[in-house]
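> Input work.pdb, format and content: PDB, C-alpha atoms and all ligand atoms.
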ATOM      1  CA  MET D   1      95.335  73.791 117.925
ATOM      2  CA  ILE D   2      92.214  75.195 116.299
ATOM      3  CA  LEU D   3      90.149  72.230 115.189
ATOM      4  CA  SER D   4      87.236  72.441 112.752
ATOM      5  CA  ILE D   5      84.705  69.648 112.965
ATOM      6  CA  ALA D   6      83.196  69.681 109.498
ATOM      7  CA  ASN D   7      81.189  67.647 107.035
ATOM      8  CA  GLN D   8      78.513  69.307 104.935
ATOM      9  CA  LYS D   9      76.314  66.234 105.299
ATOM     10  CA  GLY D  10      73.675  66.818 107.930
ATOM     11  CA  GLY D  11      73.249  64.741 111.055
ATOM     12  CA  VAL D  12      76.574  62.890 110.917
ATOM     13  CA  GLY D  13      77.596  63.659 114.493
ATOM     14  CA  LYS D  14      79.497  66.949 114.116
ATOM     15  CA  THR D  15      77.862  68.564 117.124
ATOM     16  CA  THR D  16      77.975  65.433 119.272
ATOM     17  CA  THR D  17      81.678  65.141 118.470
ATOM     18  CA  ALA D  18      82.384  68.854 119.039
ATOM     19  CA  ILE D  19      80.724  69.061 122.452
ATOM     20  CA  ASN D  20      82.111  65.819 123.829
ATOM     21  CA  LEU D  21      85.587  66.289 122.444
ATOM     22  CA  ALA D  22      85.713  69.813 123.881
ATOM     23  CA  ALA D  23      84.517  68.413 127.211
ATOM     24  CA  ALA D  24      87.099  65.598 127.090
ATOM     25  CA  LEU D  25      89.934  68.070 126.513
ATOM     26  CA  ALA D  26      88.649  70.428 129.218
ATOM     27  CA  SER D  27      88.301  67.573 131.689
ATOM     28  CA  LYS D  28      92.036  66.968 131.313
ATOM     29  CA  GLY D  29      92.521  70.531 132.541
ATOM     30  CA  LEU D  30      93.346  71.857 129.059
ATOM     31  CA  LYS D  31      91.894  75.326 128.495
ATOM     32  CA  THR D  32      89.343  74.756 125.759
ATOM     33  CA  LEU D  33      87.026  77.039 123.808
ATOM     34  CA  LEU D  34      84.085  75.586 121.889
ATOM     35  CA  ILE D  35      82.833  77.929 119.175
ATOM     36  CA  ASP D  36      79.416  77.215 117.737
ATOM     37  CA  LEU D  37      79.224  78.302 114.092
ATOM     38  CA  ASP D  38      75.910  76.655 113.246
ATOM     39  CA  PRO D  39      72.717  78.781 113.086
ATOM     40  CA  GLN D  40      70.917  75.757 114.586
ATOM     41  CA  ALA D  41      72.957  76.482 117.740
ATOM     42  CA  ASN D  42      72.878  72.857 118.900
ATOM     43  CA  SER D  43      76.300  73.012 120.539
ATOM     44  CA  SER D  44      75.331  76.171 122.417
ATOM     45  CA  MET D  45      72.088  74.607 123.633
ATOM     46  CA  SER D  46      73.996  71.576 124.864
ATOM     47  CA  PHE D  47      75.651  73.713 127.538
ATOM     48  CA  LEU D  48      73.763  77.002 127.831
ATOM     49  CA  ASP D  49      70.342  78.544 128.060
ATOM     50  CA  VAL D  50      70.420  80.287 124.678
ATOM     51  CA  ARG D  51      67.370  82.470 125.380
ATOM     52  CA  ALA D  52      69.408  84.410 127.903
ATOM     53  CA  LEU D  53      72.200  85.332 125.481
ATOM     54  CA  GLU D  54      72.788  88.905 124.426
ATOM     55  CA  LYS D  55      75.797  88.540 122.142
ATOM     56  CA  THR D  56      76.635  85.615 119.903
ATOM     57  CA  VAL D  57      79.171  84.673 117.260
ATOM     58  CA  TYR D  58      77.009  86.502 114.711
ATOM     59  CA  ASP D  59      77.772  89.855 116.348
ATOM     60  CA  THR D  60      81.493  89.191 115.985
ATOM     61  CA  LEU D  61      81.439  87.907 112.403
ATOM     62  CA  SER D  62      79.040  90.494 111.001
ATOM     63  CA  ASP D  63      80.983  93.447 112.390
ATOM     64  CA  PRO D  64      82.875  95.117 109.538
ATOM     65  CA  VAL D  65      85.502  96.443 111.937
ATOM     66  CA  ALA D  66      87.730  93.513 112.858
ATOM     67  CA  THR D  67      86.624  92.711 116.380
ATOM     68  CA  PRO D  68      87.989  90.227 118.840
ATOM     69  CA  MET D  69      85.727  87.314 119.667
ATOM     70  CA  ARG D  70      83.173  88.520 122.201
ATOM     71  CA  SER D  71      80.454  86.602 123.908
ATOM     72  CA  ILE D  72      82.643  83.871 125.369
ATOM     73  CA  ILE D  73      80.945  82.193 128.297
ATOM     74  CA  GLN D  74      82.899  80.283 130.903
ATOM     75  CA  LEU D  75      81.127  77.161 132.150
ATOM     76  CA  ALA D  76      82.108  77.968 135.704
ATOM     77  CA  GLU D  77      80.908  75.160 137.984
ATOM     78  CA  LYS D  78      80.453  72.263 135.595
ATOM     79  CA  LEU D  79      83.737  72.366 133.690
ATOM     80  CA  PRO D  80      85.972  75.260 134.665
ATOM     81  CA  SER D  81      88.374  74.695 131.755
ATOM     82  CA  LEU D  82      85.658  74.923 129.119
ATOM     83  CA  ALA D  83      84.314  78.105 127.558
ATOM     84  CA  VAL D  84      81.621  78.358 124.897
ATOM     85  CA  ALA D  85      81.108  81.021 122.239
ATOM     86  CA  PRO D  86      77.462  80.482 121.353
ATOM     87  CA  ALA D  87      75.666  80.804 118.018
ATOM     88  CA  SER D  88      72.204  82.061 117.227
ATOM     89  CA  ILE D  89      69.757  81.749 114.364
ATOM     90  CA  ALA D  90      70.998  85.187 113.210
ATOM     91  CA  LEU D  91      74.027  83.362 111.758
ATOM     92  CA  ALA D  92      71.757  82.218 108.943
ATOM     93  CA  LYS D  93      71.887  85.828 107.686
ATOM     94  CA  LEU D  94      75.682  85.985 107.676
ATOM     95  CA  GLU D  95      76.164  84.727 104.121
ATOM     96  CA  ALA D  96      73.950  87.478 102.671
ATOM     97  CA  LYS D  97      75.512  90.076 104.917
ATOM     98  CA  LEU D  98      79.073  89.262 103.833
ATOM     99  CA  ILE D  99      78.478  89.235 100.077
ATOM    100  CA  GLY D 100      80.940  91.589  98.448
ATOM    101  CA  GLU D 101      83.009  92.075 101.604
ATOM    102  CA  LEU D 102      86.659  91.545 100.692
ATOM    103  CA  ASP D 103      87.564  90.045 104.055
ATOM    104  CA  SER D 104      84.528  87.766 104.235
ATOM    105  CA  HIS D 105      86.559  84.535 104.484
ATOM    106  CA  PHE D 106      88.841  85.930 107.179
ATOM    107  CA  ARG D 107      86.368  87.285 109.707
ATOM    108  CA  LEU D 108      86.690  84.391 112.169
ATOM    109  CA  LYS D 109      90.466  84.144 111.823
ATOM    110  CA  ASP D 110      90.834  87.856 112.577
ATOM    111  CA  ALA D 111      88.421  87.628 115.499
ATOM    112  CA  LEU D 112      90.476  84.794 117.006
ATOM    113  CA  ASP D 113      93.818  86.581 116.739
ATOM    114  CA  SER D 114      93.516  88.186 120.142
ATOM    115  CA  VAL D 115      91.994  85.205 121.981
ATOM    116  CA  ARG D 116      93.780  82.137 120.546
ATOM    117  CA  SER D 117      96.676  82.393 123.014
ATOM    118  CA  ASP D 118      94.233  82.162 125.950
ATOM    119  CA  TYR D 119      93.366  78.564 125.031
ATOM    120  CA  ASP D 120      95.173  75.275 124.557
ATOM    121  CA  TYR D 121      92.443  74.013 122.207
ATOM    122  CA  ILE D 122      89.731  75.716 120.196
ATOM    123  CA  VAL D 123      87.028  73.456 118.739
ATOM    124  CA  LEU D 124      84.726  74.740 115.980
ATOM    125  CA  ASP D 125      81.326  73.164 115.327
ATOM    126  CA  THR D 126      80.191  73.963 111.783
ATOM    127  CA  PRO D 127      76.863  73.879 109.920
ATOM    128  CA  PRO D 128      75.903  71.218 107.339
ATOM    129  CA  THR D 129      76.880  73.408 104.368
ATOM    130  CA  LEU D 130      80.049  74.316 102.512
ATOM    131  CA  GLY D 131      79.228  78.022 102.573
ATOM    132  CA  ILE D 132      80.902  81.066 103.980
ATOM    133  CA  ILE D 133      80.670  79.919 107.618
ATOM    134  CA  THR D 134      82.437  76.613 107.044
ATOM    135  CA  VAL D 135      85.040  78.357 104.886
ATOM    136  CA  ASN D 136      85.630  80.852 107.730
ATOM    137  CA  ALA D 137      86.165  77.876 110.050
ATOM    138  CA  LEU D 138      88.658  76.228 107.683
ATOM    139  CA  VAL D 139      90.551  79.481 107.151
ATOM    140  CA  ALA D 140      90.849  79.988 110.918
ATOM    141  CA  SER D 141      91.815  76.382 111.743
ATOM    142  CA  THR D 142      95.066  74.532 112.068
ATOM    143  CA  HIS D 143      93.350  71.139 111.735
ATOM    144  CA  LEU D 144      90.201  69.483 110.397
ATOM    145  CA  LEU D 145      88.333  66.516 111.839
ATOM    146  CA  VAL D 146      85.697  64.917 109.614
ATOM    147  CA  PRO D 147      82.989  62.866 111.320
ATOM    148  CA  ILE D 148      81.613  60.258 108.943
ATOM    149  CA  GLN D 149      78.370  58.499 109.654
ATOM    150  CA  SER D 150      78.529  54.774 109.235
ATOM    151  CA  SER D 151      75.834  54.502 106.570
ATOM    152  CA  TYR D 152      75.379  53.464 102.980
ATOM    153  CA  PHE D 153      75.943  57.001 101.647
ATOM    154  CA  ALA D 154      78.730  57.732 104.113
ATOM    155  CA  LEU D 155      81.190  59.147 101.612
ATOM    156  CA  GLU D 156      78.774  61.136  99.527
ATOM    157  CA  GLY D 157      79.954  64.745  99.528
ATOM    158  CA  THR D 158      83.424  63.948 100.867
ATOM    159  CA  ASP D 159      84.981  64.895  97.500
ATOM    160  CA  ASP D 160      83.481  68.363  97.688
ATOM    161  CA  LEU D 161      84.679  68.804 101.245
ATOM    162  CA  LEU D 162      88.229  67.723 100.385
ATOM    163  CA  GLU D 163      88.197  69.989  97.329
ATOM    164  CA  THR D 164      87.199  72.941  99.500
ATOM    165  CA  VAL D 165      90.030  72.070 101.900
ATOM    166  CA  GLU D 166      92.489  72.109  98.976
ATOM    167  CA  LYS D 167      91.219  75.523  97.850
ATOM    168  CA  VAL D 168      91.560  76.940 101.341
ATOM    169  CA  LYS D 169      95.075  75.507 101.623
ATOM    170  CA  ALA D 170      96.117  76.912  98.253
ATOM    171  CA  ARG D 171      95.773  80.529  99.363
ATOM    172  CA  ALA D 172      94.003  81.492 102.526
ATOM    173  CA  ASN D 173      95.421  78.940 104.969
ATOM    174  CA  PRO D 174      98.363  76.803 103.767
ATOM    175  CA  GLN D 175      98.911  75.387 107.265
ATOM    176  CA  LEU D 176      95.512  73.650 107.415
ATOM    177  CA  GLN D 177      95.931  69.907 107.975
ATOM    178  CA  ILE D 178      93.435  67.090 107.799
ATOM    179  CA  LEU D 179      93.845  65.603 111.252
ATOM    180  CA  GLY D 180      91.604  62.702 110.439
ATOM    181  CA  ALA D 181      88.195  61.173 109.968
ATOM    182  CA  VAL D 182      86.160  59.474 112.663
ATOM    183  CA  ILE D 183      83.362  57.008 112.093
ATOM    184  CA  THR D 184      80.207  57.879 114.030
ATOM    185  CA  LEU D 185      76.810  56.332 114.639
ATOM    186  CA  TYR D 186      78.322  52.898 114.115
ATOM    187  CA  ASP D 187      76.047  49.911 114.585
ATOM    188  CA  LYS D 188      78.035  46.699 114.545
ATOM    189  CA  ARG D 189      74.887  44.606 114.191
ATOM    190  CA  THR D 190      74.384  45.650 110.586
ATOM    191  CA  LEU D 191      76.034  43.649 107.834
ATOM    192  CA  LEU D 192      76.887  46.840 106.006
ATOM    193  CA  ALA D 193      78.894  48.337 108.831
ATOM    194  CA  ARG D 194      82.164  46.532 108.131
ATOM    195  CA  ASP D 195      81.988  47.197 104.376
ATOM    196  CA  ILE D 196      81.473  50.867 105.062
ATOM    197  CA  VAL D 197      84.500  51.048 107.345
ATOM    198  CA  GLU D 198      86.573  49.530 104.523
ATOM    199  CA  GLN D 199      85.259  52.111 102.034
ATOM    200  CA  ILE D 200      86.068  54.958 104.386
ATOM    201  CA  ARG D 201      89.538  53.552 105.009
ATOM    202  CA  ARG D 202      90.169  53.527 101.269
ATOM    203  CA  VAL D 203      89.592  57.291 101.141
ATOM    204  CA  PHE D 204      91.278  58.373 104.378
ATOM    205  CA  GLY D 205      93.919  55.667 104.817
ATOM    206  CA  ASP D 206      95.735  55.962 108.109
ATOM    207  CA  ARG D 207      94.062  59.286 108.759
ATOM    208  CA  LEU D 208      90.998  57.301 109.787
ATOM    209  CA  PHE D 209      90.959  57.231 113.582
ATOM    210  CA  GLU D 210      91.045  53.833 115.220
ATOM    211  CA  THR D 211      88.366  54.915 117.674
ATOM    212  CA  VAL D 212      84.870  54.344 116.330
ATOM    213  CA  ILE D 213      81.885  56.086 117.927
ATOM    214  CA  THR D 214      79.059  53.598 118.224
ATOM    215  CA  LYS D 215      75.371  54.388 118.422
ATOM    216  CA  SER D 216      74.382  55.132 121.973
ATOM    217  CA  VAL D 217      71.180  56.500 123.414
ATOM    218  CA  ARG D 218      73.162  58.239 126.173
ATOM    219  CA  LEU D 219      74.955  60.396 123.602
ATOM    220  CA  GLU D 220      71.589  61.489 122.257
ATOM    221  CA  GLU D 221      70.220  62.277 125.694
ATOM    222  CA  SER D 222      73.024  64.212 127.347
ATOM    223  CA  PRO D 223      72.513  67.588 125.546
ATOM    224  CA  ALA D 224      68.946  67.773 126.852
ATOM    225  CA  TYR D 225      70.399  67.849 130.376
ATOM    226  CA  LYS D 226      73.048  70.433 129.391
ATOM    227  CA  GLU D 227      75.788  67.975 130.201
ATOM    228  CA  SER D 228      78.580  66.322 128.294
ATOM    229  CA  ILE D 229      78.636  62.539 128.162
ATOM    230  CA  PHE D 230      81.358  62.531 130.847
ATOM    231  CA  THR D 231      79.132  63.839 133.597
ATOM    232  CA  PHE D 232      75.823  62.543 132.225
ATOM    233  CA  ALA D 233      76.853  58.905 131.730
ATOM    234  CA  PRO D 234      80.522  58.505 132.635
ATOM    235  CA  ARG D 235      80.432  54.719 132.285
ATOM    236  CA  SER D 236      78.682  54.634 128.913
ATOM    237  CA  SER D 237      80.287  53.512 125.664
ATOM    238  CA  GLY D 238      80.009  57.092 124.398
ATOM    239  CA  ALA D 239      82.085  58.450 127.279
ATOM    240  CA  PHE D 240      84.709  55.761 126.768
ATOM    241  CA  GLU D 241      84.884  56.297 122.996
ATOM    242  CA  TYR D 242      85.032  60.094 123.043
ATOM    243  CA  TYR D 243      87.720  59.917 125.720
ATOM    244  CA  LYS D 244      89.693  57.515 123.522
ATOM    245  CA  LEU D 245      89.235  59.812 120.527
ATOM    246  CA  SER D 246      90.575  62.756 122.532
ATOM    247  CA  GLU D 247      93.656  60.711 123.449
ATOM    248  CA  GLU D 248      94.195  59.736 119.821
ATOM    249  CA  ILE D 249      93.864  63.373 118.757
ATOM    250  CA  LEU D 250      96.359  64.527 121.368
ATOM    251  CA  SER D 251      98.802  61.887 120.177
ATOM    252  CA  ARG D 252      98.569  63.210 116.591
ATOM    253  CA  VAL D 253      99.358  66.856 117.365
TER
HETATM  254  N1  LIG E 301      76.907  58.028 118.512
HETATM  255  C1  LIG E 301      75.627  58.410 118.531
HETATM  256  N2  LIG E 301      74.684  57.593 119.036
HETATM  257  C2  LIG E 301      73.376  57.939 119.035
HETATM  258  N3  LIG E 301      72.913  59.117 118.580
HETATM  259  C3  LIG E 301      73.809  59.977 118.067
HETATM  260  C4  LIG E 301      75.205  59.682 118.028
HETATM  261  N4  LIG E 301      75.839  60.728 117.443
HETATM  262  C5  LIG E 301      74.881  61.625 117.160
HETATM  263  N5  LIG E 301      73.668  61.202 117.531
HETATM  264  C6  LIG E 301      72.368  61.856 117.346
HETATM  265  O1  LIG E 301      72.151  61.995 115.952
HETATM  266  C7  LIG E 301      71.617  63.275 115.668
HETATM  267  C8  LIG E 301      72.578  64.035 114.770
HETATM  268  O2  LIG E 301      73.803  64.220 115.469
HETATM  269  P1  LIG E 301      74.526  65.617 115.522
HETATM  270  O3  LIG E 301      73.569  66.696 115.873
HETATM  271  O4  LIG E 301      75.725  65.467 116.359
HETATM  272  O5  LIG E 301      74.935  65.727 113.986
HETATM  273  P2  LIG E 301      75.395  67.016 113.175
HETATM  274  O6  LIG E 301      76.308  66.532 112.108
HETATM  275  O7  LIG E 301      75.895  68.049 114.101
HETATM  276  O8  LIG E 301      74.009  67.508 112.555
HETATM  277  P3  LIG E 301      73.788  68.880 111.752
HETATM  278  O9  LIG E 301      74.368  68.624 110.403
HETATM  279  O10 LIG E 301      72.310  69.051 111.725
HETATM  280  O11 LIG E 301      74.499  69.950 112.507
HETATM  281  C9  LIG E 301      71.378  63.937 117.008
HETATM  282  O12 LIG E 301      70.069  63.689 117.424
HETATM  283  C10 LIG E 301      72.361  63.240 117.927
HETATM  284  O13 LIG E 301      71.930  63.232 119.276
HETATM  285 MG    MG E 302      75.333  70.060 114.327
END
Kindly return the structure encoded in the file as structure tokens.

Amino acid sequence: MILSIANQKGGVGKTTTAINLAAALASKGLKTLLIDLDPQANSSMSFLDVRALEKTVYDTLSDPVATPMRSIIQLAEKLPSLAVAPASIALAKLEAKLIGELDSHFRLKDALDSVRSDYDYIVLDTPPTLGIITVNALVASTHLLVPIQSSYFALEGTDDLLETVEKVKARANPQLQILGAVITLYDKRTLLARDIVEQIRRVFGDRLFETVITKSVRLEESPAYKESIFTFAPRSSGAFEYYKLSEEILSRV
């Protein structure tokens, strides 16, 4: 499975979901590759010292000669089943660089051809835009997971995302499936919260995951210590919920 975590809304929990889901899968012994496709490189920073990196995803995607994914870093001691392909700020230049290139939407898919069989799961963290990077992710993926922040404007932009998915399915990647949506940053104390869940359920129906990710300070803190929630705070609600989400995902594929 190649799973895109995407929502062009910023700050909805894409990165938090990508890093902890990848860690949950890897902790089950499943060979997992986390690819960071966001110029902000938050997923990369959550596991690696990004200053020390020589090659990043940008080098692979900007190369006009189809190249296999380079720059994959194995997280040896901490989580031997997890590897990370880090991003860098250079990715912000990719859109301009690929203008007019006929294969621009297929760069990531082509780069993954030679490495996909090395992994049980590949998780893609995407930037908060619907540009060429997110389209590359959708074209390369078998499935899409949409994190939706439990907030008043939760569903704003979802139409555009689903429209982009339909366009990608129409030609470039007919096998792309919407695996589901997961509610993040949930705060059960607010009166709005339950209304919002109902609204989201109306759009996604039974593709809305039962697991809800609640607000938790531990989830915010763990990246600063370059750890997933499972080693940083194994007994926290965040660890429990992301583990449950990983189980639900495995049961759907
Ligand atoms: N369940 C949660 N509880 C508390 N804080 C959270 C939770 N999920 C995410 N956060 C925090 O909210 C902020 C945004 O989350 P995150 O970076 O995962 O979102 P994103 O969608 O990847 O953002 P961007 O669009 O900028 O890439 C971060 O500071 C993160 O630590
Ligand atoms: Mg992010």
> Taking 3 positions as the minimum chain separation for residues in the same chain, which residues sit within 9 Å of range 226-238 of chain D when counting all atoms listed in the file? Answer as a PyMOL selection string.
chain D and resi 19-20+23-24+27+45-49+78+213-219+221-223+241-243
> Listing only residues of chain D within 10 Å of ligand MG 302 (chain E), what is the closest atom pair and its distance in Å (to one decimal) for each, using only C-alpha atoms and all ligand atoms, sorted by chain and residue number ascending, as JSON lines?

{"residue": "D:Ile5", "atom": "CA", "partner": "E:MG302", "partner_atom": "MG", "distance": 9.5}
{"residue": "D:Ala6", "atom": "CA", "partner": "E:MG302", "partner_atom": "MG", "distance": 9.2}
{"residue": "D:Asn7", "atom": "CA", "partner": "E:MG302", "partner_atom": "MG", "distance": 9.7}
{"residue": "D:Gln8", "atom": "CA", "partner": "E:MG302", "partner_atom": "MG", "distance": 9.9}
{"residue": "D:Lys9", "atom": "CA", "partner": "E:MG302", "partner_atom": "MG", "distance": 9.9}
{"residue": "D:Gly10", "atom": "CA", "partner": "E:MG302", "partner_atom": "MG", "distance": 7.4}
{"residue": "D:Gly11", "atom": "CA", "partner": "E:MG302", "partner_atom": "MG", "distance": 6.6}
{"residue": "D:Val12", "atom": "CA", "partner": "E:MG302", "partner_atom": "MG", "distance": 8.0}
{"residue": "D:Gly13", "atom": "CA", "partner": "E:MG302", "partner_atom": "MG", "distance": 6.8}
{"residue": "D:Lys14", "atom": "CA", "partner": "E:MG302", "partner_atom": "MG", "distance": 5.2}
{"residue": "D:Thr15", "atom": "CA", "partner": "E:MG302", "partner_atom": "MG", "distance": 4.1}
{"residue": "D:Thr16", "atom": "CA", "partner": "E:MG302", "partner_atom": "MG", "distance": 7.3}
{"residue": "D:Thr17", "atom": "CA", "partner": "E:MG302", "partner_atom": "MG", "distance": 9.0}
{"residue": "D:Ala18", "atom": "CA", "partner": "E:MG302", "partner_atom": "MG", "distance": 8.6}
{"residue": "D:Ile19", "atom": "CA", "partner": "E:MG302", "partner_atom": "MG", "distance": 9.8}
{"residue": "D:Asp36", "atom": "CA", "partner": "E:MG302", "partner_atom": "MG", "distance": 8.9}
{"residue": "D:Leu37", "atom": "CA", "partner": "E:MG302", "partner_atom": "MG", "distance": 9.1}
{"residue": "D:Asp38", "atom": "CA", "partner": "E:MG302", "partner_atom": "MG", "distance": 6.7}
{"residue": "D:Pro39", "atom": "CA", "partner": "E:MG302", "partner_atom": "MG", "distance": 9.2}
{"residue": "D:Gln40", "atom": "CA", "partner": "E:MG302", "partner_atom": "MG", "distance": 7.2}
{"residue": "D:Ala41", "atom": "CA", "partner": "E:MG302", "partner_atom": "MG", "distance": 7.7}
{"residue": "D:Asn42", "atom": "CA", "partner": "E:MG302", "partner_atom": "MG", "distance": 5.9}
{"residue": "D:Ser43", "atom": "CA", "partner": "E:MG302", "partner_atom": "MG", "distance": 6.9}
{"residue": "D:Asp125", "atom": "CA", "partner": "E:MG302", "partner_atom": "MG", "distance": 6.8}
{"residue": "D:Thr126", "atom": "CA", "partner": "E:MG302", "partner_atom": "MG", "distance": 6.7}
{"residue": "D:Pro127", "atom": "CA", "partner": "E:MG302", "partner_atom": "MG", "distance": 6.0}
{"residue": "D:Pro128", "atom": "CA", "partner": "E:MG302", "partner_atom": "MG", "distance": 7.1}
> In Å, rounded to a single decimal, give me how far CA of Arg171 in chain D is from CA of Ile99 in chain D.
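Straight-line distance from CA of Ile99 in chain D to CA of Arg171 in chain D works out to 19.4 Å.
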> Running the PyMOL selection byres (((chain D and resi 187) around 10) and not hetatm) on this model by hand, what would come out? Give it as a compact mmCIF listing (two decimals) with C-alpha atoms, in the frame of the given file.

# COMPACT_ATOMS: atom_id res chain seq x y z
CA SER D 150 78.53 54.77 109.24
CA SER D 151 75.83 54.50 106.57
CA THR D 184 80.21 57.88 114.03
CA LEU D 185 76.81 56.33 114.64
CA TYR D 186 78.32 52.90 114.12
CA LYS D 188 78.04 46.70 114.54
CA ARG D 189 74.89 44.61 114.19
CA THR D 190 74.38 45.65 110.59
CA LEU D 191 76.03 43.65 107.83
CA LEU D 192 76.89 46.84 106.01
CA ALA D 193 78.89 48.34 108.83
CA ARG D 194 82.16 46.53 108.13
CA ILE D 213 81.89 56.09 117.93
CA THR D 214 79.06 53.60 118.22
CA LYS D 215 75.37 54.39 118.42
CA SER D 216 74.38 55.13 121.97
> Might you spell out which residues the PyMOL selection byres (((chain D and resi 55-58) around 7) and not hetatm) would select in the displayed file, as number ranges by chain?
D: 53-54, 59-62, 71, 85-88, 90-91
> Would you compute the distance between CA of His143 in chain D and CA of Ser251 in chain D? Give it in Å to one decimal.
13.7 Å
> Suppose you want the space between atom O6 of ligand LIG 301 (chain E) and CA of Glu210 in chain D; what is it in Å?
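These atoms are spaced 19.7 Å apart.
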> Looking at D:Leu25, D:Leu124, D:Ala140, D:Leu98, which one is nearest to ligand LIG 301 (chain E), with distances taken over all atoms listed in the file?
D:Leu124
> Since I can't run it myself right now, could you work out what the PyMOL selection byres (((chain D and resi 104-112) around 6) and not hetatm) selects here and report it as a PyMOL selection string?
chain D and resi 61+67-69+98+101-103+113-116+136+140
